[in-house]
Amino acid sequence: MANRSDDPPNGEPQPEKTGISRRELLKRAGMAGAAGALPLSAAAPAVPSEPAQEPFEALTAAESDTLEAIVARLIPSDRNGPGAMEARAAHYIDRALAGPLASSRNAYASGLAAVDRYAEESRGAPFIELGPEAQDAVLGDMEFDRATGFNPDSSTFFELVRTHTIEGTFCDPYYGGNANFVGWDLIGYPGVRTVVTADEQRMERTPPSNRRSAYDYPMFTKGGA
Amino acid sequence: MAQTLPPADVAIVGVGAVGGVAALPLARAGLVVVGLEAGPWLGPRDFAPDELRNNVRGWPQSAQKANREVPTHRPNASAPYSPRRAIHPMMNAVGGTSLHYWGQSWRLNPWDFRVVSETTRRYGASRIPPGSTVEDWPFGLDELEPYYDNVEREVGISGQAGNIDGTIDPRGNIFEGPRSRSYPMPPLRGSGFTEHMADAARGLGWHPFPGPAAITSEAYDGRPGCVFHGFCSRGGCHVDAKSSTAVSTIPKAQETGDFNILTHAHVTRIEVDDDGRATGVTFIRDGQEYFQPARAVLLASYTYENVRTLLLSTSDAYPRGLANNHGQVGRHYFSHATGAGVTALFPFELNNWYGAAAQGVAVDDWADDNFDHAGVDFIGGGNLWIYTERRPIAAARMDTFGRAPRWGSEWKAFIRENADRWTNTYIQKTTLPYEDNYLDLDPEVTDPLGFPVCRITADFKDNERRIAAFMQERMVEWFTAAGAIDTIRLGLGTMGPSTHAYGGTRMGDDPDTNVVDRWGFSHEAGNLGVLGASVMGTSGARNPTLTAQALAWRTAEHLVRNWRTIGEV
């Protein structure tokens, strides 16, 4: 965790920078059934997600595809490691739209349809069929209200998706996002601790990530006591 | 038809930060006390360190009574309404918002009790801002000191004294009024970052000190010391280190056997007899209406609900609302000016991920009348507060200081580098009551029972705006001295629903301008007491809870001492 702020000289993501040891990575790879098969540099940025055998809880399949493509551009996977897609932010949003964010369900139906309409009109294809640069151009048009056909306007929907994408990338993994602690590792959040010592609060001595969710502590779970 | 319950000596409406304190002296005196609380009991297992649930989605208040009656707001009587807040600033539970507040537990400074006379003496009466209805309190800090001292021990406050009987201790706040003895616990420890900021303040010639907190800094009263896990703000404590009333005064009151708490009790009215005396409280629980008779009633909900309950309790004796025959209920309202913060970016990591919002360093040099106001165009000032506790969603939502876009690879690189290199600050500022800032009942918006919600008509005035600009200058100065490479000044905002809401049932000797007398009892209904910051006529530059708790203890003690004239009439 030391010198987290220094950029890696060769542009390769450095596993130590996100608090994962090589041994831990190999252990995880082994647990996922891919023991030792991947070279470290390939495994590091895209820690494999759980197999997604789960329903769409709120979105339609087509809406989900579009949303996946949007979050993948908002927080892309790149030289700084995995992004919102790997964090499963869209999965978080789908699940939340069936529950706590239900009041936004209609905004997603209307907004995602408008994204595709605008992508076709302005760039000639639905959003998921565009290349990354064209997708970014569509999102930029939305952010600055240059995109048409949104109700009430495109920036409102853009901000809604951005807010929920950040939630889905940086929330406690219990909620279906921040998979494999992708978000917390990105910003160096060292994980949920229930006791923090004075030494762990010294400047420039951020403790190593423990990669723990609140609900890894049994006292906060339904079965715990 | 309401079902009438066995009579109590005292009914307390709301078992939170102040009702939970008042119960203790009453129960210890042998009075039979019933506490009516709209929320449930919550305990350590409820207080998961979960930012999404607690801070983003606002659990538990998002699921509660308070949330179904969020006040409406408009800046003035002819302005359009502000968008209605989705979540009430306070929560319902035994212990109330003391369960999940920051826990900063300040005494007011001496000046706060004497704003009018001290301003007039030092600068002339013309310096009282136009339109302000501010009055001196009916007593000074010396009257409240023993109650502060008592509550600091019974609730459990940690802190560093700065003035014991006139002897100044530079480790504490050198500007505080005299206290009779130290806090019962040493202050919360600093973090690397707060110590760095304290050094910078000393370099400017200022007087930084650790703030007082309703959080244990060591084992106290059977509870362990704080564990600094970083989910204190809007999260309860999983080890009971936060000194909420639910783990301090309330269990002590229950041990007497004379304090009975009814949870999920939604109080709708305070009833009165033909002579205008309170006879008890009507409430709804599980759809059934009950009447709790009592010889005295203490109204101890939050400021908005105190005012609303009085205004809804109309009767022949009080056609405009209980205790409102002088038309003062809802007047002299103000919410604390706590906006206009400063965000700073540093070129190094702060390791601010853990800690607590009450773990921090304060500067009081620019508060109250702690500096000469001859050359400035306002009275009062602000308290600067730098604190720890950073959570990941909030960290990722950081301002990009114009140095990166708000999404995409460049943004991702920016937050990867800077998520732990920025901080906000909390600047609490003197806020005054004004003639045209007030609370009343909304003419259109109701709760699910059909009762009007509270309506806020209020905005900051020039005095508050000038303080805000002045304090931001001081804060930028401090951040720059500490090595910040960029700062952003945030807006002051307006007086919407707030966790620091004052007035509406102001305390004072003159019934023409105040709802309750110097003891906290109604000038009109003598056996009705009002507890909470709604009785406070000035804010000072610091959190209200400890003052409201000291006043609550004092009102309860007054009731005990005068039981024969107040309760047994």
# chains A, B, ... in the order shown; residues from 1 in each chain; ligands from 1

$ interface_residues --of "chain B" --to "chain A" --cutoff "9 Å" --atoms "only C-alpha atoms" --output "ChimeraX atom specification"
/B:44-52,56-57,189-193,196,226-230,238,348-355,391-397,406-409,411-413,415-420

$ select_by_dssp --residues "stretch 215-328 of chain B" --states "alpha helix (DSSP H)" --output "list of chain:residue names"
B:Thr249, B:Ile250, B:Pro251, B:Lys252, B:Ala253, B:Gln254, B:Glu255, B:Thr303, B:Tyr304, B:Glu305, B:Asn306, B:Val307, B:Arg308, B:Thr309, B:Leu310, B:Leu311, B:Leu312

$ closest_residue --among "A:Ala179, A:Leu59, A:Ala119, A:Val138" --to "A:Ser104" --atoms "only C-alpha atoms"
A:Leu59

$ atom_distance --atom1 "atom CA of B:Gln160" --atom2 "atom CA of B:Thr547"
17.4 Å

$ closest_residue --among "A:Arg117, A:Pro173, A:Phe56, A:Val182" --to "A:Pro82" --atoms "only C-alpha atoms"
A:Val182

$ residues_around --residues "B:Asp369" --least-positions-apart "2" --cutoff "9 Å" --atoms "only C-alpha atoms" --output "list in words"
Trp111, Asp112, Glu118, Thr119, Asp365, Trp366, Ala367, Phe371, Asp372, His373, Ile379, Gly380 and Gly381 of chain B

$ closest_residue --among "B:Thr565, B:Arg474, B:Ala481, B:Asp462" --to "B:Gly131" --atoms "only C-alpha atoms"
B:Asp462
